[in-house]
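> Got a structure for you, structure.cif, holding mmCIF, N, CA and C atoms.
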```
data_start
loop_
_atom_site.label_atom_id
_atom_site.label_comp_id
_atom_site.auth_asym_id
_atom_site.auth_seq_id
_atom_site.Cartn_x
_atom_site.Cartn_y
_atom_site.Cartn_z
N MET X 1 53.13 82.08 105.68
CA MET X 1 53.01 80.63 105.81
C MET X 1 53.27 80.26 107.26
N ALA X 2 52.40 79.48 107.82
CA ALA X 2 52.54 79.08 109.22
C ALA X 2 53.63 78.03 109.37
N THR X 3 54.16 77.95 110.57
CA THR X 3 55.15 76.91 110.84
C THR X 3 54.43 75.56 110.92
N LYS X 4 55.19 74.51 110.67
CA LYS X 4 54.64 73.15 110.66
C LYS X 4 55.23 72.37 111.82
N ALA X 5 54.36 71.75 112.60
CA ALA X 5 54.83 70.88 113.69
C ALA X 5 55.24 69.54 113.09
N LEU X 6 56.46 69.12 113.41
CA LEU X 6 56.94 67.83 112.91
C LEU X 6 56.84 66.76 113.99
N THR X 7 56.54 65.56 113.52
CA THR X 7 56.49 64.40 114.40
C THR X 7 57.46 63.36 113.86
N GLN X 8 57.65 62.31 114.62
CA GLN X 8 58.54 61.24 114.17
C GLN X 8 58.02 60.64 112.86
N GLN X 9 56.70 60.64 112.67
CA GLN X 9 56.11 60.05 111.47
C GLN X 9 56.42 60.85 110.20
N ASP X 10 56.55 62.18 110.30
CA ASP X 10 56.74 62.96 109.07
C ASP X 10 58.06 63.71 108.98
N PHE X 11 58.91 63.62 109.99
CA PHE X 11 60.17 64.39 109.99
C PHE X 11 61.00 64.12 108.74
N ASP X 12 61.35 62.85 108.50
CA ASP X 12 62.22 62.51 107.37
C ASP X 12 61.60 62.92 106.04
N GLU X 13 60.31 62.68 105.89
CA GLU X 13 59.64 63.02 104.63
C GLU X 13 59.70 64.52 104.36
N VAL X 14 59.41 65.33 105.38
CA VAL X 14 59.43 66.79 105.21
C VAL X 14 60.83 67.27 104.86
N VAL X 15 61.83 66.76 105.56
CA VAL X 15 63.21 67.20 105.33
C VAL X 15 63.70 66.80 103.94
N THR X 16 63.35 65.60 103.49
CA THR X 16 63.87 65.13 102.20
C THR X 16 63.04 65.54 101.00
N SER X 17 61.79 65.92 101.20
CA SER X 17 60.94 66.23 100.04
C SER X 17 60.78 67.74 99.80
N ASN X 18 61.48 68.56 100.56
CA ASN X 18 61.44 70.01 100.35
C ASN X 18 62.85 70.52 100.13
N ASP X 19 62.98 71.58 99.34
CA ASP X 19 64.29 72.12 99.01
C ASP X 19 65.00 72.65 100.25
N ILE X 20 64.31 73.53 101.00
CA ILE X 20 64.92 74.11 102.20
C ILE X 20 63.96 73.94 103.37
N VAL X 21 64.48 73.42 104.48
CA VAL X 21 63.68 73.23 105.69
C VAL X 21 64.48 73.77 106.87
N LEU X 22 63.88 74.70 107.61
CA LEU X 22 64.45 75.16 108.87
C LEU X 22 63.67 74.49 109.98
N VAL X 23 64.38 73.94 110.96
CA VAL X 23 63.71 73.25 112.06
C VAL X 23 64.12 73.92 113.37
N ASP X 24 63.10 74.30 114.13
CA ASP X 24 63.30 74.89 115.46
C ASP X 24 62.96 73.82 116.49
N PHE X 25 63.96 73.37 117.23
CA PHE X 25 63.74 72.41 118.32
C PHE X 25 63.47 73.23 119.58
N TRP X 26 62.33 72.99 120.23
CA TRP X 26 61.88 73.83 121.33
C TRP X 26 61.13 73.00 122.37
N ALA X 27 60.77 73.64 123.47
CA ALA X 27 59.90 73.03 124.48
C ALA X 27 59.07 74.14 125.11
N ASP X 28 57.90 73.78 125.60
CA ASP X 28 56.96 74.74 126.16
C ASP X 28 57.52 75.44 127.40
N TRP X 29 58.36 74.77 128.15
CA TRP X 29 58.89 75.33 129.40
C TRP X 29 60.10 76.24 129.16
N CYS X 30 60.57 76.33 127.93
CA CYS X 30 61.81 77.05 127.59
C CYS X 30 61.54 78.52 127.27
N GLY X 31 61.97 79.41 128.17
CA GLY X 31 61.77 80.85 127.96
C GLY X 31 62.38 81.37 126.67
N PRO X 32 63.67 81.09 126.39
CA PRO X 32 64.26 81.56 125.13
C PRO X 32 63.53 81.01 123.89
N CYS X 33 62.99 79.80 124.01
CA CYS X 33 62.23 79.22 122.88
C CYS X 33 60.98 80.07 122.61
N LYS X 34 60.28 80.43 123.68
CA LYS X 34 59.07 81.24 123.53
C LYS X 34 59.40 82.62 122.99
N GLN X 35 60.54 83.18 123.39
CA GLN X 35 60.94 84.49 122.88
C GLN X 35 61.30 84.41 121.40
N PHE X 36 61.87 83.30 120.96
CA PHE X 36 62.29 83.14 119.57
C PHE X 36 61.11 82.82 118.65
N ALA X 37 60.04 82.25 119.18
CA ALA X 37 58.91 81.81 118.35
C ALA X 37 58.37 82.89 117.41
N PRO X 38 58.13 84.13 117.85
CA PRO X 38 57.62 85.14 116.92
C PRO X 38 58.60 85.47 115.79
N THR X 39 59.89 85.42 116.07
CA THR X 39 60.90 85.66 115.04
C THR X 39 60.85 84.57 113.98
N PHE X 40 60.74 83.32 114.43
CA PHE X 40 60.66 82.18 113.52
C PHE X 40 59.38 82.25 112.69
N GLU X 41 58.27 82.60 113.33
CA GLU X 41 56.98 82.72 112.64
C GLU X 41 57.04 83.83 111.59
N ALA X 42 57.64 84.97 111.93
CA ALA X 42 57.77 86.08 110.98
C ALA X 42 58.61 85.67 109.77
N SER X 43 59.65 84.88 110.00
CA SER X 43 60.48 84.39 108.90
C SER X 43 59.67 83.47 107.99
N SER X 44 58.79 82.67 108.58
CA SER X 44 57.97 81.77 107.76
C SER X 44 57.02 82.57 106.87
N ASP X 45 56.55 83.71 107.36
CA ASP X 45 55.69 84.57 106.55
C ASP X 45 56.48 85.24 105.43
N LYS X 46 57.71 85.62 105.73
CA LYS X 46 58.55 86.32 104.76
C LYS X 46 59.10 85.40 103.68
N HIS X 47 59.27 84.12 104.02
CA HIS X 47 59.88 83.15 103.09
C HIS X 47 58.95 81.95 102.89
N PRO X 48 57.87 82.12 102.13
CA PRO X 48 56.94 81.00 101.93
C PRO X 48 57.56 79.83 101.14
N ASP X 49 58.70 80.07 100.50
CA ASP X 49 59.39 79.02 99.75
C ASP X 49 60.25 78.14 100.66
N VAL X 50 60.37 78.50 101.92
CA VAL X 50 61.16 77.75 102.90
C VAL X 50 60.21 77.14 103.92
N VAL X 51 60.33 75.84 104.15
CA VAL X 51 59.51 75.19 105.17
C VAL X 51 60.10 75.53 106.53
N HIS X 52 59.28 76.14 107.37
CA HIS X 52 59.66 76.44 108.75
C HIS X 52 58.93 75.43 109.63
N ALA X 53 59.69 74.55 110.26
CA ALA X 53 59.10 73.47 111.05
C ALA X 53 59.57 73.55 112.49
N LYS X 54 58.75 73.02 113.38
CA LYS X 54 59.08 73.02 114.80
C LYS X 54 58.97 71.60 115.34
N VAL X 55 59.90 71.26 116.22
CA VAL X 55 59.86 69.97 116.90
C VAL X 55 59.79 70.25 118.40
N ASP X 56 58.69 69.83 119.00
CA ASP X 56 58.53 69.93 120.45
C ASP X 56 59.36 68.80 121.06
N THR X 57 60.46 69.16 121.70
CA THR X 57 61.39 68.15 122.21
C THR X 57 60.81 67.32 123.34
N GLU X 58 59.77 67.81 123.99
CA GLU X 58 59.11 67.03 125.04
C GLU X 58 58.21 65.96 124.42
N ALA X 59 57.45 66.34 123.41
CA ALA X 59 56.52 65.40 122.77
C ALA X 59 57.24 64.45 121.81
N GLU X 60 58.34 64.91 121.23
CA GLU X 60 59.05 64.13 120.21
C GLU X 60 60.47 63.84 120.69
N GLN X 61 60.58 63.13 121.80
CA GLN X 61 61.89 62.86 122.39
C GLN X 61 62.77 62.00 121.49
N ALA X 62 62.18 61.14 120.70
CA ALA X 62 62.98 60.29 119.81
C ALA X 62 63.67 61.12 118.73
N ILE X 63 62.97 62.12 118.20
CA ILE X 63 63.59 63.00 117.19
C ILE X 63 64.71 63.80 117.85
N ALA X 64 64.43 64.36 119.03
CA ALA X 64 65.44 65.15 119.73
C ALA X 64 66.68 64.31 120.02
N ALA X 65 66.49 63.07 120.42
CA ALA X 65 67.62 62.18 120.70
C ALA X 65 68.39 61.87 119.41
N ALA X 66 67.67 61.55 118.34
CA ALA X 66 68.32 61.23 117.07
C ALA X 66 69.09 62.43 116.52
N ALA X 67 68.58 63.64 116.78
CA ALA X 67 69.24 64.85 116.30
C ALA X 67 70.32 65.33 117.27
N ASN X 68 70.50 64.59 118.37
CA ASN X 68 71.52 64.91 119.36
C ASN X 68 71.33 66.30 119.96
N ILE X 69 70.07 66.64 120.25
CA ILE X 69 69.75 67.95 120.82
C ILE X 69 70.18 67.95 122.29
N ARG X 70 71.04 68.89 122.66
CA ARG X 70 71.54 68.99 124.03
C ARG X 70 71.08 70.29 124.68
N SER X 71 70.66 71.27 123.87
CA SER X 71 70.26 72.57 124.37
C SER X 71 69.17 73.11 123.44
N ILE X 72 68.21 73.82 124.02
CA ILE X 72 67.17 74.40 123.18
C ILE X 72 67.03 75.89 123.50
N PRO X 73 66.62 76.68 122.55
CA PRO X 73 66.29 76.26 121.19
C PRO X 73 67.54 75.88 120.39
N THR X 74 67.36 74.97 119.48
CA THR X 74 68.39 74.63 118.50
C THR X 74 67.75 74.79 117.12
N ILE X 75 68.48 75.43 116.23
CA ILE X 75 68.01 75.63 114.86
C ILE X 75 68.84 74.76 113.93
N MET X 76 68.15 74.01 113.09
CA MET X 76 68.82 73.23 112.04
C MET X 76 68.27 73.68 110.70
N ALA X 77 69.16 73.71 109.71
CA ALA X 77 68.74 74.03 108.35
C ALA X 77 69.14 72.87 107.45
N PHE X 78 68.19 72.43 106.65
CA PHE X 78 68.42 71.36 105.67
C PHE X 78 68.22 71.93 104.28
N ARG X 79 69.10 71.57 103.37
CA ARG X 79 68.95 71.96 101.96
C ARG X 79 69.07 70.67 101.16
N GLU X 80 68.04 70.38 100.38
CA GLU X 80 68.00 69.15 99.58
C GLU X 80 68.27 67.92 100.45
N GLY X 81 67.73 67.93 101.67
CA GLY X 81 67.87 66.80 102.58
C GLY X 81 69.18 66.71 103.32
N ILE X 82 70.09 67.67 103.09
CA ILE X 82 71.41 67.66 103.73
C ILE X 82 71.43 68.70 104.84
N LEU X 83 71.87 68.28 106.03
CA LEU X 83 72.00 69.22 107.14
C LEU X 83 73.15 70.18 106.83
N VAL X 84 72.82 71.48 106.74
CA VAL X 84 73.84 72.48 106.39
C VAL X 84 74.07 73.48 107.52
N TYR X 85 73.25 73.42 108.58
CA TYR X 85 73.41 74.33 109.72
C TYR X 85 72.81 73.66 110.94
N ASN X 86 73.51 73.77 112.07
CA ASN X 86 73.03 73.17 113.31
C ASN X 86 73.66 73.96 114.46
N GLN X 87 72.83 74.76 115.14
CA GLN X 87 73.37 75.56 116.22
C GLN X 87 72.33 75.79 117.30
N ALA X 88 72.76 75.66 118.55
CA ALA X 88 71.88 75.96 119.67
C ALA X 88 71.84 77.46 119.88
N GLY X 89 70.69 77.93 120.36
CA GLY X 89 70.54 79.34 120.69
C GLY X 89 69.57 80.03 119.76
N ALA X 90 68.79 80.91 120.34
CA ALA X 90 67.84 81.71 119.55
C ALA X 90 68.62 82.72 118.71
N LEU X 91 68.15 82.96 117.51
CA LEU X 91 68.78 83.94 116.64
C LEU X 91 67.94 85.22 116.61
N PRO X 92 68.59 86.39 116.62
CA PRO X 92 67.83 87.61 116.42
C PRO X 92 67.32 87.66 114.97
N PRO X 93 66.29 88.47 114.70
CA PRO X 93 65.70 88.48 113.35
C PRO X 93 66.72 88.66 112.22
N ALA X 94 67.66 89.57 112.37
CA ALA X 94 68.64 89.81 111.30
C ALA X 94 69.52 88.59 111.05
N ALA X 95 69.89 87.89 112.11
CA ALA X 95 70.73 86.70 111.97
C ALA X 95 69.95 85.57 111.31
N LEU X 96 68.67 85.42 111.66
CA LEU X 96 67.85 84.39 111.02
C LEU X 96 67.67 84.70 109.54
N GLU X 97 67.46 85.97 109.22
CA GLU X 97 67.34 86.38 107.82
C GLU X 97 68.63 86.07 107.06
N ASP X 98 69.76 86.34 107.68
CA ASP X 98 71.06 86.06 107.07
C ASP X 98 71.23 84.55 106.85
N LEU X 99 70.82 83.75 107.83
CA LEU X 99 70.90 82.29 107.70
C LEU X 99 70.07 81.82 106.50
N VAL X 100 68.83 82.30 106.38
CA VAL X 100 67.97 81.90 105.27
C VAL X 100 68.64 82.27 103.94
N SER X 101 69.19 83.47 103.85
CA SER X 101 69.86 83.90 102.61
C SER X 101 71.06 83.02 102.28
N GLN X 102 71.85 82.70 103.30
CA GLN X 102 73.03 81.85 103.06
C GLN X 102 72.63 80.45 102.61
N VAL X 103 71.60 79.90 103.21
CA VAL X 103 71.15 78.56 102.81
C VAL X 103 70.62 78.58 101.38
N LYS X 104 69.88 79.63 101.03
CA LYS X 104 69.36 79.75 99.66
C LYS X 104 70.49 79.87 98.64
N ASP X 105 71.58 80.53 99.04
CA ASP X 105 72.69 80.80 98.11
C ASP X 105 73.71 79.67 98.01
N LEU X 106 73.55 78.62 98.81
CA LEU X 106 74.51 77.52 98.78
C LEU X 106 74.60 76.87 97.40
N ASP X 107 75.81 76.53 97.00
CA ASP X 107 76.04 75.74 95.80
C ASP X 107 76.02 74.28 96.25
N MET X 108 74.90 73.63 96.04
CA MET X 108 74.73 72.27 96.57
C MET X 108 75.63 71.26 95.88
N ASP X 109 76.01 71.51 94.64
CA ASP X 109 76.97 70.60 93.99
C ASP X 109 78.30 70.65 94.74
N ASP X 110 78.70 71.85 95.16
CA ASP X 110 79.93 72.00 95.93
C ASP X 110 79.79 71.34 97.31
N VAL X 111 78.64 71.51 97.94
CA VAL X 111 78.41 70.90 99.25
C VAL X 111 78.52 69.38 99.15
N ARG X 112 77.86 68.79 98.14
CA ARG X 112 77.93 67.33 97.97
C ARG X 112 79.37 66.88 97.69
N LYS X 113 80.12 67.66 96.92
CA LYS X 113 81.51 67.34 96.63
C LYS X 113 82.33 67.35 97.92
N GLN X 114 82.13 68.37 98.78
CA GLN X 114 82.85 68.45 100.05
C GLN X 114 82.52 67.26 100.96
N ILE X 115 81.25 66.86 100.97
CA ILE X 115 80.85 65.70 101.78
C ILE X 115 81.52 64.44 101.28
N ALA X 116 81.54 64.26 99.96
CA ALA X 116 82.17 63.08 99.36
C ALA X 116 83.67 63.06 99.68
N GLU X 117 84.32 64.22 99.60
CA GLU X 117 85.75 64.28 99.89
C GLU X 117 86.01 63.96 101.36
N ALA X 118 85.18 64.47 102.24
CA ALA X 118 85.36 64.21 103.67
C ALA X 118 85.19 62.72 103.98
N ARG X 119 84.21 62.11 103.32
CA ARG X 119 83.99 60.66 103.53
C ARG X 119 85.15 59.86 102.99
N ALA X 120 85.70 60.28 101.86
CA ALA X 120 86.83 59.55 101.27
C ALA X 120 88.06 59.63 102.18
N GLU X 121 88.25 60.79 102.83
CA GLU X 121 89.38 60.94 103.75
C GLU X 121 89.22 60.06 104.98
N GLN X 122 88.01 59.81 105.39
CA GLN X 122 87.75 59.00 106.58
C GLN X 122 87.93 57.50 106.32
N SER X 123 87.84 57.10 105.05
CA SER X 123 87.95 55.66 104.77
C SER X 123 89.37 55.21 104.62
#
```
Mind converting the file's structure to structure tokens?


Amino acid sequence: MATKALTQQDFDEVVTSNDIVLVDFWADWCGPCKQFAPTFEASSDKHPDVVHAKVDTEAEQAIAAAANIRSIPTIMAFREGILVYNQAGALPPAALEDLVSQVKDLDMDDVRKQIAEARAEQS
């Protein structure tokens, strides 16, 4: 499955309407981004049940700003519309595979419970 380019028009819909979405924030001038691209593409082929999306931070500056992107590449993972991973830096293939496995194995009821507890503590 090929990676999907996200724009401001479809970012929220893609993230909220799919079970698992990995987003690679990148730019054409970024050497590490270009080195990571084949790893991300290979993961999309291996995991057709996971949406692998890319955001060009130059073309989609509003998304990059809203996501508070300070360094690229940055990888974000969403599960059921909830951000569960956010880290700058390219991942080697084994680490990306491990990330996909961990996101798939998450107990989302527990994640939602932790979020609710954290919000309650803040109020």

> Pick out the closest residue to Ser43 of chain X from this set: X:Ala77, X:Ala62, X:Trp29, X:Pro93. Count only N, CA and C atoms.

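Answer, going by the shortest atom-to-atom distance: X:Pro93.
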
> Assign secondary structure with DSSP using the backbone only, and return the residues of chain X in helix (DSSP H, G or I) as a PyMOL selection string.

chain X and resi 11-17+31-46+61-66+93-105+108-122

> Find the residue from X:Ala59, X:Thr3, X:Phe40, X:Val51 that sits nearest to Trp26 of chain X; use all atoms listed in the file when measuring.

X:Ala59

> Which value, in Å to one decimal, gives the distance between atom C of Asp105 of chain X and atom CA of Leu22 of chain X?

15.0 Å

> Any idea what's packed within 7 Å of Gly81 of chain X, counting all atoms listed in the file, ignoring anything in its chain fewer than 6 positions away? Could you give it as a PyMOL selection string?

chain X and resi 15-21

> Can you pull out the residues contacting Asp56 of chain X? Cut-off 6.5 Å, using all atoms listed in the file, and skip same-chain residues under 4 positions away; I want them as a VMD selection string.

chain X and resid 6 24 to 28 60 to 61

> Residues of chain X classed as strand (DSSP E) by DSSP on the backbone are to be reported as a PDB file with N, CA and C atoms, in the frame of the given file.


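The new file selection_8.pdb reads:
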```
ATOM      1  N   LYS X   4      55.190  74.510 110.670  1.00  0.00           N
ATOM      2  CA  LYS X   4      54.640  73.150 110.660  1.00  0.00           C
ATOM      3  C   LYS X   4      55.230  72.370 111.820  1.00  0.00           C
ATOM      4  N   ALA X   5      54.360  71.750 112.600  1.00  0.00           N
ATOM      5  CA  ALA X   5      54.830  70.880 113.690  1.00  0.00           C
ATOM      6  C   ALA X   5      55.240  69.540 113.090  1.00  0.00           C
ATOM      7  N   ILE X  20      64.310  73.530 101.000  1.00  0.00           N
ATOM      8  CA  ILE X  20      64.920  74.110 102.200  1.00  0.00           C
ATOM      9  C   ILE X  20      63.960  73.940 103.370  1.00  0.00           C
ATOM     10  N   VAL X  21      64.480  73.420 104.480  1.00  0.00           N
ATOM     11  CA  VAL X  21      63.680  73.230 105.690  1.00  0.00           C
ATOM     12  C   VAL X  21      64.480  73.770 106.870  1.00  0.00           C
ATOM     13  N   LEU X  22      63.880  74.700 107.610  1.00  0.00           N
ATOM     14  CA  LEU X  22      64.450  75.160 108.870  1.00  0.00           C
ATOM     15  C   LEU X  22      63.670  74.490 109.980  1.00  0.00           C
ATOM     16  N   VAL X  23      64.380  73.940 110.960  1.00  0.00           N
ATOM     17  CA  VAL X  23      63.710  73.250 112.060  1.00  0.00           C
ATOM     18  C   VAL X  23      64.120  73.920 113.370  1.00  0.00           C
ATOM     19  N   ASP X  24      63.100  74.300 114.130  1.00  0.00           N
ATOM     20  CA  ASP X  24      63.300  74.890 115.460  1.00  0.00           C
ATOM     21  C   ASP X  24      62.960  73.820 116.490  1.00  0.00           C
ATOM     22  N   PHE X  25      63.960  73.370 117.230  1.00  0.00           N
ATOM     23  CA  PHE X  25      63.740  72.410 118.320  1.00  0.00           C
ATOM     24  C   PHE X  25      63.470  73.230 119.580  1.00  0.00           C
ATOM     25  N   TRP X  26      62.330  72.990 120.230  1.00  0.00           N
ATOM     26  CA  TRP X  26      61.880  73.830 121.330  1.00  0.00           C
ATOM     27  C   TRP X  26      61.130  73.000 122.370  1.00  0.00           C
ATOM     28  N   VAL X  51      60.330  75.840 104.150  1.00  0.00           N
ATOM     29  CA  VAL X  51      59.510  75.190 105.170  1.00  0.00           C
ATOM     30  C   VAL X  51      60.100  75.530 106.530  1.00  0.00           C
ATOM     31  N   HIS X  52      59.280  76.140 107.370  1.00  0.00           N
ATOM     32  CA  HIS X  52      59.660  76.440 108.750  1.00  0.00           C
ATOM     33  C   HIS X  52      58.930  75.430 109.630  1.00  0.00           C
ATOM     34  N   ALA X  53      59.690  74.550 110.260  1.00  0.00           N
ATOM     35  CA  ALA X  53      59.100  73.470 111.050  1.00  0.00           C
ATOM     36  C   ALA X  53      59.570  73.550 112.490  1.00  0.00           C
ATOM     37  N   LYS X  54      58.750  73.020 113.380  1.00  0.00           N
ATOM     38  CA  LYS X  54      59.080  73.020 114.800  1.00  0.00           C
ATOM     39  C   LYS X  54      58.970  71.600 115.340  1.00  0.00           C
ATOM     40  N   VAL X  55      59.900  71.260 116.220  1.00  0.00           N
ATOM     41  CA  VAL X  55      59.860  69.970 116.900  1.00  0.00           C
ATOM     42  C   VAL X  55      59.790  70.250 118.400  1.00  0.00           C
ATOM     43  N   ASP X  56      58.690  69.830 119.000  1.00  0.00           N
ATOM     44  CA  ASP X  56      58.530  69.930 120.450  1.00  0.00           C
ATOM     45  C   ASP X  56      59.360  68.800 121.060  1.00  0.00           C
ATOM     46  N   THR X  74      67.360  74.970 119.480  1.00  0.00           N
ATOM     47  CA  THR X  74      68.390  74.630 118.500  1.00  0.00           C
ATOM     48  C   THR X  74      67.750  74.790 117.120  1.00  0.00           C
ATOM     49  N   ILE X  75      68.480  75.430 116.230  1.00  0.00           N
ATOM     50  CA  ILE X  75      68.010  75.630 114.860  1.00  0.00           C
ATOM     51  C   ILE X  75      68.840  74.760 113.930  1.00  0.00           C
ATOM     52  N   MET X  76      68.150  74.010 113.090  1.00  0.00           N
ATOM     53  CA  MET X  76      68.820  73.230 112.040  1.00  0.00           C
ATOM     54  C   MET X  76      68.270  73.680 110.700  1.00  0.00           C
ATOM     55  N   ALA X  77      69.160  73.710 109.710  1.00  0.00           N
ATOM     56  CA  ALA X  77      68.740  74.030 108.350  1.00  0.00           C
ATOM     57  C   ALA X  77      69.140  72.870 107.450  1.00  0.00           C
ATOM     58  N   PHE X  78      68.190  72.430 106.650  1.00  0.00           N
ATOM     59  CA  PHE X  78      68.420  71.360 105.670  1.00  0.00           C
ATOM     60  C   PHE X  78      68.220  71.930 104.280  1.00  0.00           C
ATOM     61  N   ARG X  79      69.100  71.570 103.370  1.00  0.00           N
ATOM     62  CA  ARG X  79      68.950  71.960 101.960  1.00  0.00           C
ATOM     63  C   ARG X  79      69.070  70.670 101.160  1.00  0.00           C
ATOM     64  N   ILE X  82      70.090  67.670 103.090  1.00  0.00           N
ATOM     65  CA  ILE X  82      71.410  67.660 103.730  1.00  0.00           C
ATOM     66  C   ILE X  82      71.430  68.700 104.840  1.00  0.00           C
ATOM     67  N   LEU X  83      71.870  68.280 106.030  1.00  0.00           N
ATOM     68  CA  LEU X  83      72.000  69.220 107.140  1.00  0.00           C
ATOM     69  C   LEU X  83      73.150  70.180 106.830  1.00  0.00           C
ATOM     70  N   VAL X  84      72.820  71.480 106.740  1.00  0.00           N
ATOM     71  CA  VAL X  84      73.840  72.480 106.390  1.00  0.00           C
ATOM     72  C   VAL X  84      74.070  73.480 107.520  1.00  0.00           C
ATOM     73  N   TYR X  85      73.250  73.420 108.580  1.00  0.00           N
ATOM     74  CA  TYR X  85      73.410  74.330 109.720  1.00  0.00           C
ATOM     75  C   TYR X  85      72.810  73.660 110.940  1.00  0.00           C
ATOM     76  N   ASN X  86      73.510  73.770 112.070  1.00  0.00           N
ATOM     77  CA  ASN X  86      73.030  73.170 113.310  1.00  0.00           C
ATOM     78  C   ASN X  86      73.660  73.960 114.460  1.00  0.00           C
ATOM     79  N   GLN X  87      72.830  74.760 115.140  1.00  0.00           N
ATOM     80  CA  GLN X  87      73.370  75.560 116.220  1.00  0.00           C
ATOM     81  C   GLN X  87      72.330  75.790 117.300  1.00  0.00           C
ATOM     82  N   ALA X  88      72.760  75.660 118.550  1.00  0.00           N
ATOM     83  CA  ALA X  88      71.880  75.960 119.670  1.00  0.00           C
ATOM     84  C   ALA X  88      71.840  77.460 119.880  1.00  0.00           C
TER      85      ALA X  88
END
```

> At a cut-off of 6 Å from (67.7, 75.0, 114.8) in the coordinates of the file, what residues are picked up using all atoms listed in the file, written as a PDB file with N, CA and C atoms, in the frame of the given file?


```pdb
ATOM      1  N   VAL X  23      64.380  73.940 110.960  1.00  0.00           N
ATOM      2  CA  VAL X  23      63.710  73.250 112.060  1.00  0.00           C
ATOM      3  C   VAL X  23      64.120  73.920 113.370  1.00  0.00           C
ATOM      4  N   ASP X  24      63.100  74.300 114.130  1.00  0.00           N
ATOM      5  CA  ASP X  24      63.300  74.890 115.460  1.00  0.00           C
ATOM      6  C   ASP X  24      62.960  73.820 116.490  1.00  0.00           C
ATOM      7  N   PHE X  25      63.960  73.370 117.230  1.00  0.00           N
ATOM      8  CA  PHE X  25      63.740  72.410 118.320  1.00  0.00           C
ATOM      9  C   PHE X  25      63.470  73.230 119.580  1.00  0.00           C
ATOM     10  N   PRO X  73      66.620  76.680 122.550  1.00  0.00           N
ATOM     11  CA  PRO X  73      66.290  76.260 121.190  1.00  0.00           C
ATOM     12  C   PRO X  73      67.540  75.880 120.390  1.00  0.00           C
ATOM     13  N   THR X  74      67.360  74.970 119.480  1.00  0.00           N
ATOM     14  CA  THR X  74      68.390  74.630 118.500  1.00  0.00           C
ATOM     15  C   THR X  74      67.750  74.790 117.120  1.00  0.00           C
ATOM     16  N   ILE X  75      68.480  75.430 116.230  1.00  0.00           N
ATOM     17  CA  ILE X  75      68.010  75.630 114.860  1.00  0.00           C
ATOM     18  C   ILE X  75      68.840  74.760 113.930  1.00  0.00           C
ATOM     19  N   MET X  76      68.150  74.010 113.090  1.00  0.00           N
ATOM     20  CA  MET X  76      68.820  73.230 112.040  1.00  0.00           C
ATOM     21  C   MET X  76      68.270  73.680 110.700  1.00  0.00           C
ATOM     22  N   ALA X  77      69.160  73.710 109.710  1.00  0.00           N
ATOM     23  CA  ALA X  77      68.740  74.030 108.350  1.00  0.00           C
ATOM     24  C   ALA X  77      69.140  72.870 107.450  1.00  0.00           C
ATOM     25  N   ASN X  86      73.510  73.770 112.070  1.00  0.00           N
ATOM     26  CA  ASN X  86      73.030  73.170 113.310  1.00  0.00           C
ATOM     27  C   ASN X  86      73.660  73.960 114.460  1.00  0.00           C
ATOM     28  N   GLN X  87      72.830  74.760 115.140  1.00  0.00           N
ATOM     29  CA  GLN X  87      73.370  75.560 116.220  1.00  0.00           C
ATOM     30  C   GLN X  87      72.330  75.790 117.300  1.00  0.00           C
TER      31      GLN X  87
END
```

> For Asp12 of chain X, which residue out of X:Phe78, X:Val50, X:Ala42, X:Ile69 is the nearest one, using only C-alpha atoms?

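Closest candidate: X:Phe78.
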
> Pick from X:Cys30, X:Glu41, X:Val55, X:Pro48: nearest to Thr7 of chain X, with all atoms listed in the file counted?

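Going through X:Cys30, X:Glu41, X:Val55, X:Pro48 one by one, the smallest distance to Thr7 of chain X is for X:Val55.
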
> Output segment 71-88 of chain X from the block with C-alpha atoms, as a short mmCIF file (atom, residue, chain, number, x, y, z; two decimals), in the first residue's frame?


```cif
data_model
loop_
_atom_site.label_atom_id
_atom_site.label_comp_id
_atom_site.auth_asym_id
_atom_site.auth_seq_id
_atom_site.Cartn_x
_atom_site.Cartn_y
_atom_site.Cartn_z
CA SER X 71 12.39 19.06 13.79
CA ILE X 72 11.99 16.72 10.84
CA PRO X 73 11.51 13.98 10.21
CA THR X 74 8.95 13.61 12.97
CA ILE X 75 6.82 10.49 13.25
CA MET X 76 3.39 10.56 14.86
CA ALA X 77 1.15 7.57 15.45
CA PHE X 78 -2.59 7.87 15.97
CA ARG X 79 -4.83 5.06 17.18
CA GLU X 80 -8.59 5.62 17.02
CA GLY X 81 -7.90 9.34 16.52
CA ILE X 82 -5.73 9.62 19.64
CA LEU X 83 -2.08 10.66 19.37
CA VAL X 84 -0.15 7.79 20.98
CA TYR X 85 3.39 8.49 19.69
CA ASN X 86 5.23 11.66 18.70
CA GLN X 87 8.97 11.72 18.19
CA ALA X 88 11.43 13.55 15.99
#
```
